[in-house]
There are 2 protein chains.
Amino acid sequence: MKRHFVTIKDIARELKISVATVSRALRDTYDVNQETRQLVLRKAEEMNYKPNFNATGLVKNSSHNIGIILPTITNYYFSTVVTGIQEVAYQRGYNIVLYITNDSAEREKDILNDLSLGNIDGLLVSVSSQPGQNDHFEQIIADGIPIVFFDRVAPDIKASKIMQDDYQGAYEAVEHLIGQGYKKIAHIAGPSGLLFTERRMEGFMAAMKEHRLPVKDEWIIHSGFSMDFGRRDTLQLLQCKTRPDAIFAVNDRKAVGAMLALKQQHINIGRQMGIIGFTNDPMCEIISPTLTTVEEPALEVGRKSCEFLLNHINKKNFPPQELTLPTKLIVRESTRRK
Amino acid sequence: MKRHFVTIKDIARELKISVATVSRALRDTYDVNQETRQLVLRKAEEMNYKPNFNATGLVKNSSHNIGIILPTITNYYFSTVVTGIQEVAYQRGYNIVLYITNDSAEREKDILNDLSLGNIDGLLVSVSSQPGQNDHFEQIIADGIPIVFFDRVAPDIKASKIMQDDYQGAYEAVEHLIGQGYKKIAHIAGPSGLLFTERRMEGFMAAMKEHRLPVKDEWIIHSGFSMDFGRRDTLQLLQCKTRPDAIFAVNDRKAVGAMLALKQQHINIGRQMGIIGFTNDPMCEIISPTLTTVEEPALEVGRKSCEFLLNHINKKNFPPQELTLPTKLIVRESTRRK
DNA sequence: AAAGCCTTCGATAACGTTCTCGCTAATATA
DNA sequence: TATATTAGCGAGAACGTTATCGAAGGCTTT
C-alpha cells in the first residue's frame, strides 16, 4: 500500500557519492564536474526520480503553488484565461490554486485573510467589481508575495498588470458603428472604478469626438456586468428623450441582454438599433442576429500573466510591468444596417 | 523582505514546554492534559499560528493537493463542477490542481505519466471521450492514490463515481416530447463507450418502448459533443427516408448546433421539429426559440465528488461508492408544438 | 512498602532537500 | 620551490512537523 519514492539519497547510494553532489548536479552545474553531473542525470532518469516538493519547499520556504483569485470561472472569458494560466503553470511545474470570490469584495478580503501565505508563492488576481479598498493587496505585496493583476486590475497598486487594449478596442468598435451610419451611440458600461471600464469609456468618447458626434449624458449608463443589467440598461435607454440608434456594450453578456430587451420590444436589431459587444464569447454566434464584437485575447492574457508571475517569483528584482495585448474587431449581423 | 512565520517551536518556547507537546495539543487530545491543551490553543490563536504544509507533508507523505483531470473548463457544465469542487476543497484546506486534457486521450496519458504522484493526495477525473485504454487509472489506484470519477466515468474501473441520473433524465425528456405529440424521435448521441452516453441512450429507448413508438436505426447518430457535431448530425437526419419530427440531443451544445442547422434550412423549430437538450447551459435562454432541456446538478456533482475524494483520502477503508444525483426537466419554447 | 498501572510530558530521530562550511587535490602565479 | 587560487566534493546542520520511546510522578493494589 504505502509507496516508496526514489530520493536523492537512493541515487547517491547507487553512485557512491554524497547527497550534496547529487543535489547540486540536479540543479545548477555550479561546483560539479560535468561527468559526474551526467552520471547523476542519467541515473535519476533511469530510477525515475521526481523531486519532493515538500522537502524543497521546506528549505526554500516555497510551495510551488500559485493562487488565482477571480470573480467566477463560469463564463467564457475567465475560464479561457484560467486555461491559459494552467498551460504555462503546468509546463513549469507549478500548481494553481483557485479562489473564487463571486464578485464579492468581502469574500475577496476573507480569502486574503485566510490565505496561509506560506502556502502560496505568488498571486494572480482579477479584482471584484464591487467598490472596496485595495489596501489588503498592498499588504500582501509588502509581505513579499508577488501579485500580477489581469483584466480587472486595481488602478492604484504598483504591480504587474496584464490587460487587453481596451481603449483601442473600444475606439474601433465605435468607429465601426459610425462607419455603418449610426450616429446616436449609447454606451452601457461596467461599474466605475475598474480600469478597463474607464479605458473602454475613453475609447468610446475619443471616437465620438474624433467624428464630431455629440454624446448625451443620458446615453451613458454604468451598472454591473451581467446579462440582466444589459437588459435593464437598454430599457432605460429606450426612455431617453433622444433615443440612441446604436449601443456599445462593455461586454458581450450585456450586449446579449440588450438584444433580448430589444427583441422583446420588437425593435429590429441592426436596422433600428445597432449593437456591438466586447469579448467574443461563443454566444455571439448563437444569438440571432449574430453579435458584432471586439475579440479579447483571453488565452494569451492568461499565459502572459502566469509568465510574468513566475518571473517575479524566480528572478530577484524583476520590475513590475504593464502589458497590453491587442484586440480584434469581429463584424457580424447586429451592426448591419441594411 | 523575508517573512518569518510562527512555528510550533515559537509556541513551545513561549510556553516553556516541548514541541512534542505543542504538536500533540494542536492535533488530537491524545496524551495531553486538557489544561495545557487549552493553553497551547490559546497561544497559537494569539500568535496567529498557521501550520506549515511542507513540514506536515514531509512527515505524513502528503501534499494537501488534489488533482482534477478534465477535458476542458471552457463550458458551462465543467466550469460549474470545478466551482463546486473548489468550494469544498477550500473549506477543508485543500488546494486543487487543474489538468486540462483538451479531450485528448493521449494528453490524458501524458499528464498521468508526468504527474509527480508524490505531489497529489487524490484525483478527480472526468475522462476524455476519445477511445482509449483506461488501465493507467488502475495503475494509479494500485499505487495508493484514490480516484473519484465524475460525469464522464470509466465504466470498468473500481472507484467512486458521481453522476447525474442520466437514465431518468433522458427518460423524462423523451416522455415530454411524446406528451407534446412528437412521435418520430431521433437521438443525436455522444461517442459510444462513455457511460453517461449509454445511460441516456437507454433512457431514450425505454421511453420509446414504453409508449410503443418505433425507433429507426437511422434516427440514432453517435458523434462528438460539440455544437458542430450537432449541426452535422442534424443535416444527416434531414436526409432520412422517414424524417424524424423531434430530436433529443445528448447535450445542449449539440442541441444548439441542431437548431442552427434547422434555422438555416428554414425548418420551424417546435412546430415542424421539436428539440430538447441536456445540461441547462445558460445559452438555452439566449437562443431563439429558447431551448427545452434537462437540468444537471453540476455544482452538486462537484461538491459531492470532492467530499467523496476527501473521505477516501482521510478515512482508511472508505469503500468505493456510486452516487446518482437527480435531474430536472425544464420546458421552454423549442418543444412547443403550437 | 513494594509492585504495578496510568497520565502526562520531553528527548530525539526521522522525513527529503538545500546550504554553509571546510577539506583535498590540482593548477596557476610568484 | 613556495604560495595562491580554484574546482570538486563531503559532512553536517537546518527547515517544521510528527512518531517513538521512555521517564517521571502520581495513584492504586497487593
# chains A, B, ... in the order shown; residues from 1 in each chain; ligands from 1
>>> interface_residues(of="chain B", to="chain D", cutoff="10 Å", atoms="only C-alpha atoms (C1' of nucleotides)", output="JSON, numbers by chain")
{"B": [7, 8, 9, 19, 20, 23, 24, 51, 52, 53, 54, 55, 56, 57, 58, 59, 60]}
>>> interface_residues(of="chain C", to="chain B", cutoff="10 Å", atoms="only C-alpha atoms (C1' of nucleotides)", output="list in words")
DT7, DT8, DC9, DG10, DA11, DA14, DC15 and DG16 of chain C
>>> interface_residues(of="chain B", to="chain A", cutoff="7 Å", atoms="only C-alpha atoms", output="list in words")
Met1, Lys2, Arg3, Lys50, Asn54, Ala55, Gly57, Leu58, Ile73, Thr74, Tyr76, Ser79, Thr80, Gln86, Asn95, Ile96, Val97, Leu98, Ser116, Gly118, Asn119, Asp143, Gly144, Met283, Ile286 and Ile287 of chain B
>>> select_by_dssp(residues="segment 91-234 of chain A", states="strand (DSSP E or B)", output="PyMOL selection string")
chain A and resi 95-100+122-125+147-150+160-164+185-189+220-222
>>> residues_around(residues="Ile162 of chain B", least_positions_apart="2", cutoff="8 Å", atoms="only C-alpha atoms (C1' of nucleotides)", output="list in words")
Val148, Phe149, Phe150, Asp151, Ser160, Gln164, Val301, Lys304, Ser305, Glu322, Leu323, Thr324 and Leu325 of chain B
>>> select_by_dssp(residues="segment 38-260 of chain A", states="alpha helix (DSSP H)", output="PyMOL selection string")
chain A and resi 38-47+53-60+76-91+105-114+135-142+166-179+195-210+227-237+252-260
>>> atom_distance(atom1="atom CA of His136 of chain A", atom2="atom CA of Leu112 of chain A")
7.5 Å
>>> residues_around(residues="Trp219 of chain B", least_positions_apart="4", cutoff="8 Å", atoms="only C-alpha atoms (C1' of nucleotides)", output="PyMOL selection string")
chain B and resi 185-188+215+237+240+244
>>> atom_distance(atom1="atom CA of Ile221 of chain B", atom2="atom CA of Asp156 of chain B")
24.0 Å
>>> decode(residues="segment 6-27 of chain D", atoms="N, CA, C and O atoms (P, O5', C5', C4', C3', O3' and C1' of nucleotides)", output="mmCIF file, in the first residue's frame")
data_model
loop_
_atom_site.group_PDB
_atom_site.id
_atom_site.type_symbol
_atom_site.label_atom_id
_atom_site.label_comp_id
_atom_site.auth_asym_id
_atom_site.auth_seq_id
_atom_site.Cartn_x
_atom_site.Cartn_y
_atom_site.Cartn_z
ATOM 1 P P DT D 6 40.398 32.464 -8.090
ATOM 2 O "O5'" DT D 6 39.957 30.966 -8.438
ATOM 3 C "C5'" DT D 6 40.625 30.287 -9.502
ATOM 4 C "C4'" DT D 6 40.328 28.811 -9.427
ATOM 5 C "C3'" DT D 6 38.837 28.476 -9.196
ATOM 6 O "O3'" DT D 6 38.412 27.623 -10.230
ATOM 7 C "C1'" DT D 6 40.211 27.160 -7.818
ATOM 8 P P DA D 7 36.854 27.542 -10.593
ATOM 9 O "O5'" DA D 7 36.760 26.096 -11.264
ATOM 10 C "C5'" DA D 7 37.961 25.387 -11.565
ATOM 11 C "C4'" DA D 7 37.816 23.941 -11.109
ATOM 12 C "C3'" DA D 7 36.392 23.398 -11.079
ATOM 13 O "O3'" DA D 7 36.426 22.095 -11.617
ATOM 14 C "C1'" DA D 7 37.372 23.128 -8.957
ATOM 15 P P DG D 8 35.093 21.276 -11.839
ATOM 16 O "O5'" DG D 8 35.043 20.443 -10.485
ATOM 17 C "C5'" DG D 8 35.919 19.332 -10.350
ATOM 18 C "C4'" DG D 8 35.665 18.708 -9.015
ATOM 19 C "C3'" DG D 8 34.222 18.240 -8.805
ATOM 20 O "O3'" DG D 8 34.265 16.843 -8.594
ATOM 21 C "C1'" DG D 8 35.042 19.394 -6.907
ATOM 22 P P DC D 9 32.917 16.007 -8.557
ATOM 23 O "O5'" DC D 9 32.685 15.912 -6.992
ATOM 24 C "C5'" DC D 9 33.582 15.087 -6.242
ATOM 25 C "C4'" DC D 9 33.514 15.485 -4.796
ATOM 26 C "C3'" DC D 9 32.223 15.126 -4.079
ATOM 27 O "O3'" DC D 9 32.391 13.839 -3.492
ATOM 28 C "C1'" DC D 9 33.207 17.198 -3.346
ATOM 29 P P DG D 10 31.181 13.126 -2.800
ATOM 30 O "O5'" DG D 10 31.428 13.542 -1.283
ATOM 31 C "C5'" DG D 10 32.702 13.299 -0.716
ATOM 32 C "C4'" DG D 10 32.712 13.727 0.745
ATOM 33 C "C3'" DG D 10 31.518 13.239 1.550
ATOM 34 O "O3'" DG D 10 31.980 12.893 2.844
ATOM 35 C "C1'" DG D 10 31.570 15.614 1.575
ATOM 36 P P DA D 11 31.076 12.095 3.837
ATOM 37 O "O5'" DA D 11 30.934 13.118 5.061
ATOM 38 C "C5'" DA D 11 32.072 13.907 5.432
ATOM 39 C "C4'" DA D 11 31.723 14.836 6.574
ATOM 40 C "C3'" DA D 11 30.607 14.367 7.503
ATOM 41 O "O3'" DA D 11 30.932 14.804 8.814
ATOM 42 C "C1'" DA D 11 29.963 16.372 6.426
ATOM 43 P P DG D 12 30.007 14.320 10.026
ATOM 44 O "O5'" DG D 12 28.991 15.531 10.183
ATOM 45 C "C5'" DG D 12 29.537 16.852 10.323
ATOM 46 C "C4'" DG D 12 28.421 17.873 10.260
ATOM 47 C "C3'" DG D 12 27.148 17.482 11.033
ATOM 48 O "O3'" DG D 12 26.759 18.606 11.788
ATOM 49 C "C1'" DG D 12 26.586 18.127 8.854
ATOM 50 P P DA D 13 25.725 18.427 12.963
ATOM 51 O "O5'" DA D 13 24.911 19.796 12.859
ATOM 52 C "C5'" DA D 13 25.619 21.004 12.587
ATOM 53 C "C4'" DA D 13 24.743 21.933 11.771
ATOM 54 C "C3'" DA D 13 23.346 22.144 12.354
ATOM 55 O "O3'" DA D 13 23.060 23.533 12.371
ATOM 56 C "C1'" DA D 13 23.188 21.474 10.097
ATOM 57 P P DA D 14 21.896 24.068 13.333
ATOM 58 O "O5'" DA D 14 20.693 24.327 12.338
ATOM 59 C "C5'" DA D 14 20.847 25.290 11.289
ATOM 60 C "C4'" DA D 14 19.797 25.046 10.247
ATOM 61 C "C3'" DA D 14 18.376 24.928 10.804
ATOM 62 O "O3'" DA D 14 17.685 26.131 10.527
ATOM 63 C "C1'" DA D 14 18.831 23.334 9.076
ATOM 64 P P DC D 15 16.393 26.486 11.418
ATOM 65 O "O5'" DC D 15 15.197 26.217 10.405
ATOM 66 C "C5'" DC D 15 15.243 26.661 9.063
ATOM 67 C "C4'" DC D 15 14.219 25.900 8.267
ATOM 68 C "C3'" DC D 15 13.023 25.448 9.108
ATOM 69 O "O3'" DC D 15 11.988 26.428 9.006
ATOM 70 C "C1'" DC D 15 13.792 23.730 7.595
ATOM 71 P P DG D 16 11.244 26.898 10.362
ATOM 72 O "O5'" DG D 16 10.118 25.798 10.525
ATOM 73 C "C5'" DG D 16 9.095 25.744 9.558
ATOM 74 C "C4'" DG D 16 8.242 24.527 9.794
ATOM 75 C "C3'" DG D 16 7.619 24.458 11.192
ATOM 76 O "O3'" DG D 16 6.252 24.124 11.038
ATOM 77 C "C1'" DG D 16 8.823 22.464 10.737
ATOM 78 P P DT D 17 5.306 23.980 12.316
ATOM 79 O "O5'" DT D 17 5.184 22.415 12.395
ATOM 80 C "C5'" DT D 17 4.514 21.729 11.348
ATOM 81 C "C4'" DT D 17 4.850 20.259 11.367
ATOM 82 C "C3'" DT D 17 4.297 19.467 12.540
ATOM 83 O "O3'" DT D 17 3.029 18.948 12.148
ATOM 84 C "C1'" DT D 17 6.487 18.751 11.867
ATOM 85 P P DT D 18 2.197 18.113 13.236
ATOM 86 O "O5'" DT D 18 2.912 16.690 13.192
ATOM 87 C "C5'" DT D 18 2.795 15.900 12.016
ATOM 88 C "C4'" DT D 18 3.491 14.577 12.225
ATOM 89 C "C3'" DT D 18 2.888 13.677 13.306
ATOM 90 O "O3'" DT D 18 2.825 12.371 12.763
ATOM 91 C "C1'" DT D 18 5.175 14.002 13.732
ATOM 92 P P DA D 19 2.114 11.219 13.572
ATOM 93 O "O5'" DA D 19 3.343 10.317 14.036
ATOM 94 C "C5'" DA D 19 4.395 10.048 13.116
ATOM 95 C "C4'" DA D 19 5.334 9.010 13.703
ATOM 96 C "C3'" DA D 19 4.703 8.044 14.703
ATOM 97 O "O3'" DA D 19 5.330 6.774 14.548
ATOM 98 C "C1'" DA D 19 6.314 9.395 15.819
ATOM 99 P P DT D 20 4.914 5.558 15.542
ATOM 100 O "O5'" DT D 20 6.169 5.442 16.518
ATOM 101 C "C5'" DT D 20 7.477 5.489 15.955
ATOM 102 C "C4'" DT D 20 8.506 5.384 17.061
ATOM 103 C "C3'" DT D 20 8.110 4.434 18.196
ATOM 104 O "O3'" DT D 20 9.247 3.648 18.524
ATOM 105 C "C1'" DT D 20 8.616 6.556 19.089
ATOM 106 P P DC D 21 9.046 2.311 19.417
ATOM 107 O "O5'" DC D 21 9.865 2.687 20.717
ATOM 108 C "C5'" DC D 21 11.087 3.416 20.588
ATOM 109 C "C4'" DC D 21 11.359 4.147 21.884
ATOM 110 C "C3'" DC D 21 10.996 3.354 23.134
ATOM 111 O "O3'" DC D 21 12.177 3.108 23.872
ATOM 112 C "C1'" DC D 21 10.270 5.618 23.278
ATOM 113 P P DG D 22 12.187 2.045 25.078
ATOM 114 O "O5'" DG D 22 12.559 2.994 26.299
ATOM 115 C "C5'" DG D 22 13.338 4.162 26.051
ATOM 116 C "C4'" DG D 22 12.927 5.244 27.020
ATOM 117 C "C3'" DG D 22 12.664 4.721 28.452
ATOM 118 O "O3'" DG D 22 13.349 5.566 29.341
ATOM 119 C "C1'" DG D 22 10.898 6.094 27.747
ATOM 120 P P DA D 23 13.811 5.060 30.767
ATOM 121 O "O5'" DA D 23 13.664 6.386 31.624
ATOM 122 C "C5'" DA D 23 14.013 7.632 31.015
ATOM 123 C "C4'" DA D 23 13.237 8.741 31.705
ATOM 124 C "C3'" DA D 23 13.041 8.504 33.203
ATOM 125 O "O3'" DA D 23 13.287 9.704 33.889
ATOM 126 C "C1'" DA D 23 10.935 8.818 32.159
ATOM 127 P P DA D 24 13.601 9.666 35.420
ATOM 128 O "O5'" DA D 24 12.442 10.560 36.009
ATOM 129 C "C5'" DA D 24 12.088 11.768 35.335
ATOM 130 C "C4'" DA D 24 10.710 12.185 35.771
ATOM 131 C "C3'" DA D 24 10.446 11.962 37.267
ATOM 132 O "O3'" DA D 24 9.928 13.171 37.795
ATOM 133 C "C1'" DA D 24 8.711 10.998 35.974
ATOM 134 P P DG D 25 10.010 13.393 39.381
ATOM 135 O "O5'" DG D 25 8.478 13.268 39.782
ATOM 136 C "C5'" DG D 25 7.507 14.042 39.075
ATOM 137 C "C4'" DG D 25 6.164 13.368 39.187
ATOM 138 C "C3'" DG D 25 5.793 12.975 40.622
ATOM 139 O "O3'" DG D 25 4.639 13.714 40.980
ATOM 140 C "C1'" DG D 25 5.265 11.257 39.073
ATOM 141 P P DG D 26 4.193 13.786 42.499
ATOM 142 O "O5'" DG D 26 2.807 13.013 42.424
ATOM 143 C "C5'" DG D 26 1.783 13.483 41.545
ATOM 144 C "C4'" DG D 26 0.841 12.352 41.240
ATOM 145 C "C3'" DG D 26 0.209 11.729 42.490
ATOM 146 O "O3'" DG D 26 -1.194 11.987 42.482
ATOM 147 C "C1'" DG D 26 1.012 10.060 40.985
ATOM 148 P P DC D 27 -1.995 11.676 43.815
ATOM 149 O "O5'" DC D 27 -2.563 10.216 43.496
ATOM 150 C "C5'" DC D 27 -3.468 10.031 42.408
ATOM 151 C "C4'" DC D 27 -3.553 8.551 42.097
ATOM 152 C "C3'" DC D 27 -4.045 7.684 43.259
ATOM 153 O "O3'" DC D 27 -5.432 7.404 43.078
ATOM 154 C "C1'" DC D 27 -2.220 6.673 42.072
#
